[in-house]
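Colleague: Below you'll find the structure I mean.
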Amino acid sequence: MKKNVAVIYGGYSSEHDISVKSGKYVSSIIDKKLFDVFEIHITKNDWNVVGFDVQIDKSDFSFTNNNVKILFQAAVIVIHGNPGEDGILQSYLDLLKIPYTTCNHLTSALTFNKFFCNNYIKNFGVKVAESIILIKDQEYSEILQKFTKKAGFPVFVKPNEGGSSYGTFKVKNESELIPSVLKAFEHSNQVIVEEFIKGRELTCGVIKFNNKIKALTPCEIVSKNDFFDYEAKYNANFNEEIIPARFSDEIIEKCKKISEHIYKTLNCSGIVRIDYIEKEDELYFLELNSVPGMTSESIVPKILKYEKIDISELFTFLITEALSKSQ
């Protein structure tokens with residue numbers, strides 16, 4: 001008998017629309033011969049079962065159709081940002097004993113908080129950029145002045161919790177600093193100010209497939225904008241995503257080795273994507289995306305295609321692995 005699988009997308013953040021595209025794509029590639037797939041579109045006001053015009057009963061994550069109650073045996077979380085990438089949805093599903101295909105709630109919460117994640121992961125030999133954190137409605141002018149005096153300009157200002165480079169600014173001088181911080185606070189109650197590392201950007205997908213952690217071929221990111229901002233990420237006219245990345249064999253192998261090390265150290269599950277800056281043969285960790293973009297044009301699906309890894313088979317494995325945890 002086929003298991004009911006919920007593909008959950010949408011969410012409460014500015015990444016909602018990208019998540020919908022990712023969720024629709026993931027739903028389309030899951031093997032319908034093996035699973036009954038239902039799309040769940042989450043917003044702040046509704047948890048809607050797509051195609052049924054009914055709402056999810058949040059008491060047990062079910063819905064009723066023609067007087068028949070539908071329960072789910074597994075969930076595929078495709079929400080970028082809150083509540084799918086910060087551990088909240090994972091905690092909810094844990095309470096209901098519904099397994100899912102992403103990192104657990106602790107790993108998700110840690111990786112979603114960029115400042116905490118960076119300071120945690122550097123204890124395990126991973127290089128990160130120097131940064132400070134600012135708290136909304138708390139005095140921060142002195143610490144900000146000290147940091148920029150030491151780091152110099154430019155610096156990056158970004159929300160501590162968020163993705164897709166929403167509210168992220170490359171600040172080139174002191175006059176731009178406070179306005180950029182205030183704009184970043186519109187996206188998060190915590191803001192990171194980070195030193196600028198001039199280098200080349202690359203990203204590495206990591207999966208667990210057939211019970212083996214595997215770092216995929218790194219992808220080089222070349223932004224035609226000043227940095228890899230939202231426009232560059234989602235408009236092909238403003239970026240190049242080069243697979244395989246045009247780095248030396250040594251850098252490629254180092255990237256893959258560090259990525260597998262981070263995956264294991266943070267106790268990741270499912271599919272993640274890790275971003276880096278390379279400078280003078282050193283790799284600096286930028287962030288880990290625990291629910292990376294999964295549209296047909298997203299980086300990880302492109303890398304999977306390059307490596308000739310069948311994405312449908314990969315999700316069959318992830319769902320089957322999740323189901324095994326509930327037995």
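Each chain in the structure tokens gets a letter, A, B and so on, in the order shown; residues start at 1 in every chain, and ligands are counted from 1 in the order they appear.
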Could you pull out all residues of segment 13-64 of chain A with a DSSP call of strand (DSSP E or B) and give them as a ChimeraX atom specification?

Modeller: /A:35-42,47-49,54-55,57,62-64

Colleague: Could you save those same residues with N, CA and C atoms as a short mmCIF file (atom, residue, chain, number, x, y, z; two decimals), in the first residue's frame?

Modeller:
```
data_model
loop_
_atom_site.label_atom_id
_atom_site.label_comp_id
_atom_site.auth_asym_id
_atom_site.auth_seq_id
_atom_site.Cartn_x
_atom_site.Cartn_y
_atom_site.Cartn_z
N PHE A 35 4.43 6.51 -4.13
CA PHE A 35 3.86 7.35 -3.08
C PHE A 35 2.64 8.13 -3.58
N ASP A 36 1.69 8.32 -2.69
CA ASP A 36 0.58 9.25 -2.95
C ASP A 36 1.02 10.62 -2.44
N VAL A 37 1.16 11.57 -3.34
CA VAL A 37 1.76 12.86 -3.03
C VAL A 37 0.68 13.93 -2.91
N PHE A 38 0.73 14.70 -1.83
CA PHE A 38 -0.20 15.81 -1.59
C PHE A 38 0.62 17.07 -1.36
N GLU A 39 0.24 18.15 -2.03
CA GLU A 39 0.92 19.43 -1.85
C GLU A 39 0.23 20.24 -0.76
N ILE A 40 1.02 20.71 0.20
CA ILE A 40 0.51 21.53 1.30
C ILE A 40 1.13 22.91 1.19
N HIS A 41 0.30 23.90 0.94
CA HIS A 41 0.77 25.28 0.76
C HIS A 41 0.51 26.05 2.06
N ILE A 42 1.61 26.43 2.71
CA ILE A 42 1.53 27.10 4.01
C ILE A 42 1.72 28.60 3.86
N TRP A 47 -3.15 26.81 5.96
CA TRP A 47 -2.38 25.62 5.59
C TRP A 47 -3.29 24.84 4.64
N ASN A 48 -3.17 25.12 3.36
CA ASN A 48 -4.12 24.63 2.38
C ASN A 48 -3.62 23.36 1.69
N VAL A 49 -4.53 22.39 1.51
CA VAL A 49 -4.22 21.20 0.74
C VAL A 49 -4.55 21.51 -0.72
N VAL A 54 -9.34 22.42 1.01
CA VAL A 54 -9.57 22.17 2.44
C VAL A 54 -8.30 22.57 3.19
N GLN A 55 -8.46 22.77 4.49
CA GLN A 55 -7.35 23.16 5.35
C GLN A 55 -6.81 21.96 6.13
N ASP A 57 -5.76 20.09 9.38
CA ASP A 57 -6.06 20.08 10.81
C ASP A 57 -4.71 20.05 11.53
N SER A 62 -3.52 16.52 9.44
CA SER A 62 -4.35 15.68 8.58
C SER A 62 -5.37 16.56 7.87
N PHE A 63 -6.12 15.96 6.95
CA PHE A 63 -7.27 16.66 6.39
C PHE A 63 -8.35 15.64 6.05
N THR A 64 -9.55 16.12 5.87
CA THR A 64 -10.68 15.25 5.59
C THR A 64 -11.24 15.56 4.22
#
```

Colleague: Using only C-alpha atoms, which residues sit within 12 Å of Ile121 of chain A once same-chain residues fewer than 6 positions away are excluded, as a PyMOL selection string?

Modeller: chain A and resi 107+110-111+113-115+127-129+258-259+261-267+284-288

Colleague: May I ask for the distance between atom CA of Glu297 of chain A and atom CA of Tyr100 of chain A, given in Å to one decimal place?

Modeller: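 Taking atom CA of Glu297 of chain A and atom CA of Tyr100 of chain A, their separation equals 23.8 Å.
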
Colleague: Do you know which residues are at most 10 Å from Ile178 of chain A counting only C-alpha atoms, after dropping those on the same chain fewer than 6 positions away, and could you put them as a VMD selection string?

Modeller: chain A and resid 141 144 157 171 184

Colleague: Go ahead and save the residues from that selection, with N, CA and C atoms, as an mmCIF file, in the first residue's frame.

Modeller:
```
data_model
loop_
_atom_site.group_PDB
_atom_site.id
_atom_site.type_symbol
_atom_site.label_atom_id
_atom_site.label_comp_id
_atom_site.auth_asym_id
_atom_site.auth_seq_id
_atom_site.Cartn_x
_atom_site.Cartn_y
_atom_site.Cartn_z
ATOM 1 N N SER A 141 25.992 51.395 18.275
ATOM 2 C CA SER A 141 26.857 52.315 17.536
ATOM 3 C C SER A 141 28.331 52.120 17.880
ATOM 4 N N LEU A 144 29.716 48.807 16.476
ATOM 5 C CA LEU A 144 29.741 48.924 15.024
ATOM 6 C C LEU A 144 30.937 49.761 14.567
ATOM 7 N N VAL A 157 26.356 43.772 5.263
ATOM 8 C CA VAL A 157 25.313 43.876 6.283
ATOM 9 C C VAL A 157 24.184 42.969 5.842
ATOM 10 N N VAL A 171 28.245 47.368 1.871
ATOM 11 C CA VAL A 171 28.364 48.759 2.317
ATOM 12 C C VAL A 171 29.777 49.244 2.037
ATOM 13 N N ALA A 184 18.214 46.210 6.893
ATOM 14 C CA ALA A 184 18.378 44.786 7.222
ATOM 15 C C ALA A 184 17.500 44.402 8.406
#
```
